[in-house]
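To be precise, the following lines are run16.csv, and they hold CSV, C-alpha atoms and all ligand atoms.
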```csv
chain,number,residue,atom,x,y,z
A,1242,MET,CA,100.6,80.6,106.8
A,1243,ARG,CA,97.4,80.5,104.9
A,1244,ILE,CA,94.1,82.0,106.0
A,1245,LEU,CA,90.6,81.8,104.6
A,1246,ALA,CA,88.5,84.9,105.2
A,1247,ILE,CA,84.8,85.4,105.0
A,1248,GLU,CA,82.8,88.7,104.9
A,1249,THR,CA,79.0,89.1,104.9
A,1250,SER,CA,78.4,92.2,107.0
A,1251,CYS,CA,76.3,94.0,104.4
A,1252,ASP,CA,75.5,93.4,100.7
A,1253,GLU,CA,78.7,91.9,99.5
A,1254,THR,CA,79.3,88.1,99.9
A,1255,ALA,CA,83.0,87.7,99.9
A,1256,ALA,CA,85.7,85.1,100.6
A,1257,ALA,CA,89.5,85.3,100.2
A,1258,VAL,CA,92.6,83.3,100.8
A,1259,LEU,CA,95.7,85.1,102.0
A,1260,GLU,CA,99.3,83.9,102.5
A,1261,GLY,CA,101.1,85.7,105.4
A,1262,THR,CA,104.8,85.7,106.1
A,1263,GLY,CA,106.0,87.9,109.0
A,1264,GLU,CA,104.5,91.4,108.4
A,1265,ARG,CA,103.9,90.6,104.7
A,1266,LEU,CA,100.7,89.5,103.1
A,1267,ALA,CA,99.9,88.2,99.6
A,1268,VAL,CA,96.3,87.7,98.3
A,1269,VAL,CA,96.1,84.2,96.8
A,1270,ALA,CA,92.5,84.8,95.7
A,1271,SER,CA,89.7,87.2,96.5
A,1272,ARG,CA,86.1,86.7,95.4
A,1273,VAL,CA,83.3,89.2,95.9
A,1274,ARG,CA,79.7,88.8,94.8
A,1275,SER,CA,77.8,92.0,95.0
A,1276,GLN,CA,74.0,92.0,95.7
A,1277,ILE,CA,73.6,95.5,94.4
A,1278,GLU,CA,71.1,94.6,91.7
A,1279,THR,CA,68.9,92.8,94.3
A,1280,HIS,CA,68.9,95.7,96.7
A,1281,ALA,CA,68.7,98.6,94.1
A,1282,VAL,CA,65.0,97.6,93.7
A,1283,TYR,CA,64.3,98.6,97.3
A,1284,GLY,CA,66.6,101.7,97.3
A,1285,GLY,CA,68.7,100.3,100.1
A,1286,VAL,CA,69.8,97.0,101.8
A,1287,ILE,CA,67.1,94.9,103.3
A,1288,PRO,CA,68.8,92.8,106.0
A,1289,GLU,CA,66.8,89.6,105.6
A,1290,VAL,CA,67.1,89.7,101.8
A,1291,ALA,CA,70.9,90.2,102.2
A,1292,ALA,CA,71.1,87.2,104.5
A,1293,ARG,CA,69.2,85.0,102.1
A,1294,GLU,CA,71.5,86.0,99.3
A,1295,HIS,CA,74.6,85.4,101.4
A,1296,ALA,CA,73.3,81.9,102.2
A,1297,GLU,CA,72.7,81.1,98.6
A,1298,LEU,CA,76.0,82.6,97.3
A,1299,MET,CA,78.3,81.4,100.0
A,1300,MET,CA,79.0,77.7,99.0
A,1301,PRO,CA,79.3,78.5,95.2
A,1302,LEU,CA,81.8,81.2,96.2
A,1303,LEU,CA,83.9,78.9,98.4
A,1304,HIS,CA,83.7,76.1,95.8
A,1305,GLY,CA,87.1,75.9,94.1
A,1306,LEU,CA,88.6,78.6,96.4
A,1307,VAL,CA,89.4,76.1,99.2
A,1308,PRO,CA,89.6,72.3,99.1
A,1309,PRO,CA,86.6,70.6,100.7
A,1310,ASP,CA,88.8,69.1,103.4
A,1311,GLY,CA,90.5,72.5,104.1
A,1312,ALA,CA,94.0,71.1,103.2
A,1313,GLY,CA,96.6,73.9,103.2
A,1314,ILE,CA,94.4,76.3,105.2
A,1315,ASP,CA,95.8,77.2,108.7
A,1316,ALA,CA,93.0,79.4,110.1
A,1317,VAL,CA,89.6,80.8,109.2
A,1318,ALA,CA,88.8,84.5,109.8
A,1319,VAL,CA,85.3,86.0,109.7
A,1320,THR,CA,83.7,89.4,110.1
A,1321,TYR,CA,81.5,89.2,113.2
A,1322,GLY,CA,80.5,92.9,113.4
A,1323,PRO,CA,79.5,95.7,112.9
A,1324,GLY,CA,76.9,95.2,110.3
A,1325,LEU,CA,73.5,93.8,109.7
A,1326,ALA,CA,72.7,91.0,112.2
A,1327,PRO,CA,71.1,88.5,109.8
A,1328,ALA,CA,73.8,89.1,107.2
A,1329,LEU,CA,76.6,88.7,109.7
A,1330,ARG,CA,75.2,85.4,111.0
A,1331,VAL,CA,75.6,83.7,107.6
A,1332,GLY,CA,79.3,84.4,107.5
A,1333,VAL,CA,79.8,83.5,111.2
A,1334,ALA,CA,77.9,80.3,110.9
A,1335,THR,CA,79.8,79.3,107.8
A,1336,ALA,CA,83.2,80.1,109.4
A,1337,VAL,CA,82.3,78.3,112.6
A,1338,GLY,CA,81.3,75.2,110.6
A,1339,LEU,CA,84.5,75.2,108.6
A,1340,ALA,CA,86.7,75.8,111.6
A,1341,ILE,CA,85.1,73.0,113.6
A,1342,GLY,CA,85.0,70.6,110.7
A,1343,TRP,CA,88.6,71.3,109.6
A,1344,GLN,CA,89.8,71.6,113.2
A,1345,LYS,CA,91.4,74.9,112.5
A,1346,PRO,CA,91.6,78.1,114.6
A,1347,LEU,CA,88.8,80.7,114.1
A,1348,VAL,CA,89.5,84.4,114.2
A,1349,GLY,CA,86.7,87.0,114.7
A,1350,VAL,CA,87.4,90.3,112.9
A,1351,CYS,CA,85.8,93.7,113.3
A,1352,HIS,CA,84.7,95.0,109.9
A,1353,LEU,CA,86.2,98.5,110.5
A,1354,GLU,CA,89.5,97.0,111.5
A,1355,GLY,CA,89.4,95.1,108.2
A,1356,HIS,CA,88.9,98.3,106.2
A,1357,ILE,CA,92.0,99.8,107.9
A,1358,TYR,CA,94.0,96.6,107.1
A,1359,ALA,CA,93.3,97.0,103.4
A,1360,ALA,CA,96.3,99.4,103.5
A,1361,TRP,CA,98.5,96.3,104.2
A,1362,LEU,CA,97.4,94.6,101.0
A,1363,PRO,CA,99.6,94.7,98.0
A,1364,LYS,CA,98.6,95.4,94.4
A,1365,ALA,CA,97.8,92.1,92.5
A,1366,GLY,CA,101.1,90.6,91.5
A,1367,ASP,CA,103.3,92.9,93.6
A,1368,ASP,CA,105.2,90.7,96.0
A,1369,ALA,CA,108.3,93.0,96.4
A,1370,ALA,CA,109.8,92.3,99.8
A,1371,ASP,CA,110.7,96.0,100.3
A,1372,ARG,CA,107.2,97.4,99.5
A,1373,PRO,CA,106.6,100.0,102.2
A,1374,LEU,CA,104.0,99.1,104.9
A,1375,PRO,CA,102.2,101.6,107.2
A,1376,GLN,CA,104.3,102.5,110.3
A,1377,PHE,CA,102.8,103.1,113.8
A,1378,PRO,CA,101.4,105.2,115.0
A,1379,VAL,CA,98.9,105.1,112.1
A,1380,LEU,CA,96.2,107.8,111.8
A,1381,ALA,CA,93.3,106.2,109.9
A,1382,LEU,CA,90.3,108.0,108.3
A,1383,VAL,CA,87.6,105.3,108.0
A,1384,VAL,CA,84.8,106.5,105.7
A,1385,SER,CA,82.2,103.9,104.7
A,1386,GLY,CA,78.5,103.7,104.2
A,1387,GLY,CA,77.9,103.1,107.9
A,1388,HIS,CA,80.8,104.8,109.6
A,1389,THR,CA,83.0,108.0,109.5
A,1390,GLU,CA,85.7,107.8,112.1
A,1391,LEU,CA,89.2,109.0,112.8
A,1392,VAL,CA,91.1,106.2,114.5
A,1393,LEU,CA,94.6,106.2,116.0
A,1394,MET,CA,96.3,102.8,115.7
A,1395,LYS,CA,99.2,102.6,118.0
A,1396,ASP,CA,100.2,99.1,117.1
A,1397,HIS,CA,98.6,96.0,115.6
A,1398,GLY,CA,95.3,95.6,117.4
A,1399,GLU,CA,95.6,98.8,119.5
A,1400,PHE,CA,93.0,101.2,118.4
A,1401,GLU,CA,91.8,104.5,119.8
A,1402,ARG,CA,88.8,106.2,118.3
A,1403,LEU,CA,89.5,109.9,118.2
A,1404,GLY,CA,86.2,111.0,116.7
A,1405,GLU,CA,83.1,109.9,114.8
A,1406,THR,CA,80.1,111.3,113.0
A,1407,HIS,CA,77.2,112.6,115.1
A,1408,ASP,CA,74.7,111.6,112.4
A,1409,ASP,CA,75.1,110.4,108.8
A,1410,ALA,CA,78.3,108.6,107.6
A,1411,ALA,CA,80.1,110.2,104.7
A,1412,GLY,CA,79.0,107.3,102.3
A,1413,GLU,CA,75.5,107.6,103.6
A,1414,ALA,CA,75.5,111.3,102.7
A,1415,PHE,CA,76.7,110.5,99.2
A,1416,ASP,CA,74.0,107.8,98.9
A,1417,LYS,CA,71.2,110.2,100.1
A,1418,VAL,CA,72.3,113.1,97.8
A,1419,ALA,CA,72.3,110.5,94.9
A,1420,SER,CA,68.8,109.5,95.8
A,1421,MET,CA,67.7,113.2,95.8
A,1422,LEU,CA,69.1,113.4,92.3
A,1423,GLY,CA,67.2,110.3,91.3
A,1424,LEU,CA,70.3,108.1,91.1
A,1425,ALA,CA,70.0,104.4,92.1
A,1426,TYR,CA,71.5,102.9,95.2
A,1427,PRO,CA,74.3,102.9,96.0
A,1428,GLY,CA,74.8,106.4,94.5
A,1429,GLY,CA,78.2,107.4,95.9
A,1430,PRO,CA,80.1,106.5,92.8
A,1431,LYS,CA,77.4,108.0,90.6
A,1432,VAL,CA,77.6,111.4,92.5
A,1433,ALA,CA,81.3,111.2,92.2
A,1434,ALA,CA,81.1,110.7,88.4
A,1435,LEU,CA,78.5,113.5,88.1
A,1436,ALA,CA,80.8,115.8,90.1
A,1437,GLU,CA,83.6,115.5,87.5
A,1438,GLY,CA,82.2,118.1,85.1
A,1439,GLY,CA,80.9,120.4,87.8
A,1440,ASP,CA,81.9,123.6,89.5
A,1441,VAL,CA,83.0,123.0,93.1
A,1442,LYS,CA,82.2,126.7,94.0
A,1443,ALA,CA,78.7,126.8,92.4
A,1444,PHE,CA,77.0,126.3,95.8
A,1445,ALA,CA,78.4,127.2,99.2
A,1446,PHE,CA,77.3,124.1,101.2
A,1447,PRO,CA,78.1,124.0,104.9
A,1448,ARG,CA,81.2,122.4,106.4
A,1449,ALA,CA,80.0,121.3,109.8
A,1450,LEU,CA,82.2,121.1,112.8
A,1451,LEU,CA,85.2,122.4,110.9
A,1452,LYS,CA,86.0,125.0,113.6
A,1453,ASP,CA,85.0,122.5,116.4
A,1454,LYS,CA,87.9,121.3,118.5
A,1455,THR,CA,86.9,117.6,118.5
A,1456,ASP,CA,87.7,115.1,115.8
A,1457,ASP,CA,84.0,114.5,115.3
A,1458,PHE,CA,82.0,114.9,112.0
A,1459,SER,CA,78.4,115.8,111.0
A,1460,PHE,CA,76.9,115.4,107.5
A,1461,SER,CA,73.2,115.7,108.1
A,1462,GLY,CA,73.2,119.6,107.8
A,1463,LEU,CA,75.0,119.3,104.5
A,1464,LYS,CA,72.5,116.8,103.2
A,1465,THR,CA,69.6,119.0,104.2
A,1466,SER,CA,71.3,122.0,102.6
A,1467,VAL,CA,71.5,120.1,99.3
A,1468,LEU,CA,67.9,119.1,99.6
A,1469,TYR,CA,66.8,122.8,100.1
A,1470,THR,CA,68.9,123.9,97.2
A,1471,LEU,CA,67.3,121.3,95.0
A,1472,ARG,CA,63.9,122.4,96.1
A,1473,GLU,CA,64.7,126.1,95.4
A,1474,HIS,CA,65.9,125.2,91.9
A,1475,GLU,CA,63.3,122.6,91.1
A,1476,ALA,CA,63.0,123.6,87.4
A,1477,LEU,CA,66.7,122.9,86.9
A,1478,ILE,CA,66.8,119.4,88.4
A,1479,GLU,CA,67.0,117.7,85.0
A,1480,GLU,CA,69.7,120.0,83.7
A,1481,GLU,CA,73.1,118.2,83.5
A,1482,ARG,CA,75.1,121.4,84.3
A,1483,PHE,CA,73.1,122.1,87.4
A,1484,ARG,CA,73.2,118.5,88.6
A,1485,SER,CA,77.0,118.4,88.1
A,1486,ASP,CA,77.4,121.6,90.0
A,1487,ILE,CA,75.4,120.3,92.9
A,1488,ALA,CA,77.4,117.0,92.9
A,1489,ALA,CA,80.7,118.9,92.7
A,1490,SER,CA,79.9,121.4,95.4
A,1491,PHE,CA,78.6,118.7,97.7
A,1492,GLN,CA,81.6,116.5,97.2
A,1493,GLU,CA,83.9,119.4,97.8
A,1494,ALA,CA,82.2,120.1,101.1
A,1495,VAL,CA,82.7,116.5,102.2
A,1496,VAL,CA,86.3,116.3,101.1
A,1497,ASP,CA,87.1,119.7,102.7
A,1498,VAL,CA,85.8,118.5,106.1
A,1499,LEU,CA,87.4,115.0,105.9
A,1500,VAL,CA,90.8,116.2,104.8
A,1501,GLN,CA,91.0,119.2,107.1
A,1502,LYS,CA,90.0,117.4,110.2
A,1503,THR,CA,92.4,114.5,109.4
A,1504,MET,CA,95.3,116.9,108.9
A,1505,ARG,CA,94.5,118.7,112.1
A,1506,ALA,CA,94.6,115.5,114.1
A,1507,ALA,CA,97.8,114.6,112.3
A,1508,ALA,CA,99.4,118.0,113.3
A,1509,ARG,CA,98.5,117.2,116.9
A,1510,LEU,CA,99.4,113.5,117.0
A,1511,ALA,CA,102.4,113.3,114.6
A,1512,PRO,CA,101.5,109.9,113.1
A,1513,LYS,CA,104.2,108.1,111.1
A,1514,SER,CA,101.6,107.1,108.4
A,1515,ILE,CA,98.0,108.1,107.4
A,1516,VAL,CA,95.6,105.4,106.1
A,1517,LEU,CA,92.4,106.1,104.1
A,1518,ALA,CA,89.9,103.3,104.6
A,1519,GLY,CA,86.3,102.3,103.7
A,1520,GLY,CA,84.1,102.5,100.6
A,1521,VAL,CA,84.4,106.2,100.3
A,1522,ALA,CA,88.2,105.7,99.9
A,1523,ALA,CA,87.3,104.8,96.3
A,1524,ASN,CA,86.4,108.5,95.8
A,1525,ALA,CA,89.1,110.0,93.5
A,1526,ALA,CA,88.6,113.6,94.7
A,1527,LEU,CA,89.2,112.5,98.3
A,1528,ARG,CA,92.2,110.4,97.4
A,1529,GLY,CA,93.7,113.2,95.3
A,1530,ARG,CA,93.3,115.9,97.9
A,1531,LEU,CA,94.5,113.7,100.8
A,1532,GLN,CA,97.6,112.8,98.7
A,1533,GLU,CA,98.4,116.5,98.1
A,1534,VAL,CA,98.2,117.5,101.7
A,1535,CYS,CA,100.1,114.4,103.0
A,1536,ASP,CA,102.8,115.1,100.4
A,1537,ALA,CA,103.0,118.7,101.6
A,1538,ALA,CA,103.2,117.6,105.3
A,1539,ALA,CA,105.7,114.8,104.4
A,1540,ILE,CA,103.5,112.1,106.0
A,1541,PRO,CA,103.4,108.8,104.0
A,1542,LEU,CA,99.8,108.2,102.9
A,1543,PHE,CA,98.5,104.6,102.3
A,1544,LEU,CA,95.6,104.4,99.9
A,1545,PRO,CA,93.9,101.0,99.6
A,1546,GLN,CA,93.9,99.4,96.1
A,1547,PHE,CA,90.6,100.1,94.5
A,1548,ALA,CA,89.7,96.4,94.6
A,1549,TYR,CA,90.0,96.6,98.4
A,1550,THR,CA,88.2,99.8,99.2
A,1551,LEU,CA,84.6,98.5,99.0
A,1552,ASP,CA,83.6,95.5,101.1
A,1553,ASN,CA,85.8,92.5,100.5
A,1554,ALA,CA,87.2,89.5,102.4
A,1555,ALA,CA,90.9,90.1,101.6
A,1556,MET,CA,90.9,93.0,104.1
A,1557,ILE,CA,89.3,90.7,106.7
A,1558,GLY,CA,92.0,88.1,106.0
A,1559,ALA,CA,94.7,90.8,106.6
A,1560,ALA,CA,93.2,91.9,109.9
A,1561,GLY,CA,92.6,88.3,110.9
A,1562,TYR,CA,96.2,87.3,110.1
A,1563,PHE,CA,97.6,89.9,112.5
A,1564,ARG,CA,95.1,88.8,115.1
A,1565,PHE,CA,96.1,85.2,114.6
A,1566,LEU,CA,99.8,86.2,115.1
A,1567,ARG,CA,98.9,87.7,118.4
A,1568,GLY,CA,97.1,84.5,119.4
A,1569,ASP,CA,93.8,86.4,119.4
A,1570,VAL,CA,91.6,83.4,118.4
A,1571,ALA,CA,87.8,83.0,119.1
A,1572,ASP,CA,85.9,80.1,120.6
A,1573,PRO,CA,83.9,78.7,117.7
A,1574,LEU,CA,81.2,77.5,120.2
A,1575,SER,CA,80.6,80.9,121.7
A,1576,ILE,CA,81.4,83.5,118.9
A,1577,LYS,CA,78.3,85.5,118.0
A,1578,ALA,CA,77.5,88.1,115.4
A,1579,ASN,CA,77.7,91.5,117.0
A,1580,PRO,CA,75.9,94.2,114.8
A,1581,SER,CA,77.2,97.0,117.0
A,1582,LEU,CA,80.7,95.8,117.5
A,1583,ASP,CA,83.2,98.7,118.1
A,1584,ILE,CA,86.7,99.0,116.8
A,1585,VAL,CA,88.0,99.8,120.3
A,1601,LIG,O1,82.8,100.2,103.0
A,1601,LIG,P1,81.6,100.0,102.1
A,1601,LIG,O2,81.7,99.1,100.9
A,1601,LIG,O3,80.4,99.5,103.0
A,1601,LIG,C1,80.2,99.8,104.3
A,1601,LIG,O4,81.0,99.2,105.1
A,1601,LIG,O5,79.4,100.7,104.6
A,1601,LIG,O6,81.1,101.5,101.7
A,1601,LIG,C2,80.1,101.7,100.9
A,1601,LIG,C3,79.9,103.2,100.7
A,1601,LIG,C4,78.5,103.6,100.1
A,1601,LIG,O7,77.9,104.6,100.9
A,1601,LIG,C5,79.0,104.1,98.7
A,1601,LIG,O8,78.1,105.0,98.2
A,1601,LIG,C6,80.3,104.7,99.1
A,1601,LIG,O9,80.9,103.8,100.0
A,1601,LIG,N1,81.2,104.9,97.9
A,1601,LIG,C7,81.5,106.1,97.4
A,1601,LIG,C8,82.3,105.9,96.2
A,1601,LIG,N2,82.4,104.5,96.0
A,1601,LIG,C9,81.6,104.0,97.1
A,1601,LIG,N3,81.3,107.4,97.9
A,1601,LIG,C10,81.9,108.4,97.2
A,1601,LIG,N4,82.6,108.2,96.1
A,1601,LIG,C11,82.9,107.0,95.5
A,1601,LIG,N5,83.6,106.8,94.4
A,1602,ZN,ZN,82.6,98.3,104.7
```
Once you've parsed the file, please lay out its structure as structure tokens.
Amino acid sequence: MRILAIETSCDETAAAVLEGTGERLAVVASRVRSQIETHAVYGGVIPEVAAREHAELMMPLLHGLVPPDGAGIDAVAVTYGPGLAPALRVGVATAVGLAIGWQKPLVGVCHLEGHIYAAWLPKAGDDAADRPLPQFPVLALVVSGGHTELVLMKDHGEFERLGETHDDAAGEAFDKVASMLGLAYPGGPKVAALAEGGDVKAFAFPRALLKDKTDDFSFSGLKTSVLYTLREHEALIEEERFRSDIAASFQEAVVDVLVQKTMRAAARLAPKSIVLAGGVAANAALRGRLQEVCDAAAIPLFLPQFAYTLDNAAMIGAAGYFRFLRGDVADPLSIKANPSLDIV
């Protein structure tokens, strides 16, 4: 069956068509239009500006992706939360209109669930029938610009949140440190690039809640510690070596906490697979370290393809497909954007 998926929760306007057969998914087409340039001017995403851009970009994005009469499409999936309310509404209104017009079922998808389902998406062109898929129970580390959570997924659609951040999300911490270093939004990838040449031991930044028994996280102390270090060494702020050391030591602290807490939960819960999800899953240091420890613990790790780590609609189509299989469809006349939607 073929599903059209739409994603507009933040600053990416995205649409994708997926073909599902049993447990297997193929991405027929995935389109993403980033609004980064628009928002970089403001140093962050302005919800009303994002919504306006989504509205302008949506129809050109869908043009040529699906036939105007919806022929060949069996269902429409859409992110209805969490995210920015005005931005979410554009995607939801579009999906509702198409589902009603085409008389096709509508599936509402949680954005975080979508990030986790990126692990079910194959590499472009890889349609091997024996490609391994995550096995339940899955332990998922969801690290994005808005969320940092450890989630236990017992089966399709059965989620238990084990822990979450008390304050900043991991991606948000990357973005804030980037901004302290004068790097434009979104700075996560820029801090990661800067960290490449740096010394991870140059600065001993705090690893919050590492000894704590819960699966919770906290990154605001780390962010403040970076700020104070930058203030202490104001004269060095333009020096490449110093900047790289700050970035590397900061990144190391984030990776240490994320990886150690994930593996501690894994030791307790014995998952059959671990999944890394969300925008920060693009971080090479995090991917590398998690791969090392999962190999050592003999737990299969599923890393999303780079194309499906940042916000995209293919992951929403994947989550929507499994919801559709369970008969979990929405009423197009009553579905509403829910900015604070939870995964559980
Ligand atoms: O999942 P996502 O695209 O949007 C949300 O749902 O929030 O995640 C975006 C976040 C941003 O904070 C961005 O800076 C961060 O992911 N990010 C990275 C990297 N690439 C993106 N953080 C660290 N290293 C990266 N390579
Ligand atoms: Zn996201």
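Selection of all polymer residues within 7 Å of ligand ZN 1602 (chain A) on the basis of all atoms listed in the file gives His1352, Leu1353, His1356, Ser1385, Gly1386, Gly1519, Gly1520, Leu1551 and Asp1552 of chain A.
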Check your understanding: Taking all atoms listed in the file into account, which residues are within 10 Å of ligand LIG 1601 (chain A), as a PyMOL selection string?
Key -> chain A and resi 1250-1253+1323-1324+1352-1353+1355-1356+1383-1389+1410-1419+1426-1434+1436+1492+1495-1496+1518-1528+1547+1549-1553
Write a file of the just-selected residues containing C-alpha atoms, as a PDB file, keeping the file's coordinate frame.
```pdb
ATOM      1  CA  SER A1250      78.400  92.200 107.000  1.00  0.00           C
ATOM      2  CA  CYS A1251      76.300  94.000 104.400  1.00  0.00           C
ATOM      3  CA  ASP A1252      75.500  93.400 100.700  1.00  0.00           C
ATOM      4  CA  GLU A1253      78.700  91.900  99.500  1.00  0.00           C
ATOM      5  CA  PRO A1323      79.500  95.700 112.900  1.00  0.00           C
ATOM      6  CA  GLY A1324      76.900  95.200 110.300  1.00  0.00           C
ATOM      7  CA  HIS A1352      84.700  95.000 109.900  1.00  0.00           C
ATOM      8  CA  LEU A1353      86.200  98.500 110.500  1.00  0.00           C
ATOM      9  CA  GLY A1355      89.400  95.100 108.200  1.00  0.00           C
ATOM     10  CA  HIS A1356      88.900  98.300 106.200  1.00  0.00           C
ATOM     11  CA  VAL A1383      87.600 105.300 108.000  1.00  0.00           C
ATOM     12  CA  VAL A1384      84.800 106.500 105.700  1.00  0.00           C
ATOM     13  CA  SER A1385      82.200 103.900 104.700  1.00  0.00           C
ATOM     14  CA  GLY A1386      78.500 103.700 104.200  1.00  0.00           C
ATOM     15  CA  GLY A1387      77.900 103.100 107.900  1.00  0.00           C
ATOM     16  CA  HIS A1388      80.800 104.800 109.600  1.00  0.00           C
ATOM     17  CA  THR A1389      83.000 108.000 109.500  1.00  0.00           C
ATOM     18  CA  ALA A1410      78.300 108.600 107.600  1.00  0.00           C
ATOM     19  CA  ALA A1411      80.100 110.200 104.700  1.00  0.00           C
ATOM     20  CA  GLY A1412      79.000 107.300 102.300  1.00  0.00           C
ATOM     21  CA  GLU A1413      75.500 107.600 103.600  1.00  0.00           C
ATOM     22  CA  ALA A1414      75.500 111.300 102.700  1.00  0.00           C
ATOM     23  CA  PHE A1415      76.700 110.500  99.200  1.00  0.00           C
ATOM     24  CA  ASP A1416      74.000 107.800  98.900  1.00  0.00           C
ATOM     25  CA  LYS A1417      71.200 110.200 100.100  1.00  0.00           C
ATOM     26  CA  VAL A1418      72.300 113.100  97.800  1.00  0.00           C
ATOM     27  CA  ALA A1419      72.300 110.500  94.900  1.00  0.00           C
ATOM     28  CA  TYR A1426      71.500 102.900  95.200  1.00  0.00           C
ATOM     29  CA  PRO A1427      74.300 102.900  96.000  1.00  0.00           C
ATOM     30  CA  GLY A1428      74.800 106.400  94.500  1.00  0.00           C
ATOM     31  CA  GLY A1429      78.200 107.400  95.900  1.00  0.00           C
ATOM     32  CA  PRO A1430      80.100 106.500  92.800  1.00  0.00           C
ATOM     33  CA  LYS A1431      77.400 108.000  90.600  1.00  0.00           C
ATOM     34  CA  VAL A1432      77.600 111.400  92.500  1.00  0.00           C
ATOM     35  CA  ALA A1433      81.300 111.200  92.200  1.00  0.00           C
ATOM     36  CA  ALA A1434      81.100 110.700  88.400  1.00  0.00           C
ATOM     37  CA  ALA A1436      80.800 115.800  90.100  1.00  0.00           C
ATOM     38  CA  GLN A1492      81.600 116.500  97.200  1.00  0.00           C
ATOM     39  CA  VAL A1495      82.700 116.500 102.200  1.00  0.00           C
ATOM     40  CA  VAL A1496      86.300 116.300 101.100  1.00  0.00           C
ATOM     41  CA  ALA A1518      89.900 103.300 104.600  1.00  0.00           C
ATOM     42  CA  GLY A1519      86.300 102.300 103.700  1.00  0.00           C
ATOM     43  CA  GLY A1520      84.100 102.500 100.600  1.00  0.00           C
ATOM     44  CA  VAL A1521      84.400 106.200 100.300  1.00  0.00           C
ATOM     45  CA  ALA A1522      88.200 105.700  99.900  1.00  0.00           C
ATOM     46  CA  ALA A1523      87.300 104.800  96.300  1.00  0.00           C
ATOM     47  CA  ASN A1524      86.400 108.500  95.800  1.00  0.00           C
ATOM     48  CA  ALA A1525      89.100 110.000  93.500  1.00  0.00           C
ATOM     49  CA  ALA A1526      88.600 113.600  94.700  1.00  0.00           C
ATOM     50  CA  LEU A1527      89.200 112.500  98.300  1.00  0.00           C
ATOM     51  CA  ARG A1528      92.200 110.400  97.400  1.00  0.00           C
ATOM     52  CA  PHE A1547      90.600 100.100  94.500  1.00  0.00           C
ATOM     53  CA  TYR A1549      90.000  96.600  98.400  1.00  0.00           C
ATOM     54  CA  THR A1550      88.200  99.800  99.200  1.00  0.00           C
ATOM     55  CA  LEU A1551      84.600  98.500  99.000  1.00  0.00           C
ATOM     56  CA  ASP A1552      83.600  95.500 101.100  1.00  0.00           C
ATOM     57  CA  ASN A1553      85.800  92.500 100.500  1.00  0.00           C
TER      58      ASN A1553
END
```
Study note, to complete from the structure: Counting all atoms listed in the file, the residue among A:Leu1544, A:Leu1303, A:Val1319, A:Leu1347 that lies closest to A:Val1570 is A:Leu1347
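Note that the spacing between atom CA of A:Glu1479 and atom CA of A:Glu1493 amounts to 21.3 Å.
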Exercise for review: For stretch 1481-1483 of chain A, work out the shell of residues within 7 Å, counting only C-alpha atoms and skipping chain neighbours fewer than 4 positions away, then give it as an NGL selection string.
Suggested key: :A and (1439 or 1477 or 1487)
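Take atom CA of A:Thr1406 and atom CA of A:Ser1459: the distance between them is 5.2 Å.
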Point to revise | Of the listed residues A:Ile1540, A:Leu1391, A:Leu1451, A:Leu1566, that which approaches A:Gly1263 most closely, counting all atoms listed in the file | key: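 Closest candidate: A:Leu1566.
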Point to revise | Of the listed residues A:Met1421, A:Leu1298, A:Val1317, A:Leu1374, that which approaches A:Tyr1469 most closely, counting all atoms listed in the file | key: A:Met1421
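One finds atom CA of A:Gly1349 at 15.3 Å from atom CA of A:Ala1255.
With all atoms listed in the file as the atoms that count, the minimum distance from A:Pro1541 to the choices A:Gly1423, A:Gly1438, A:Gly1561, A:Pro1378 is reached by A:Pro1378.
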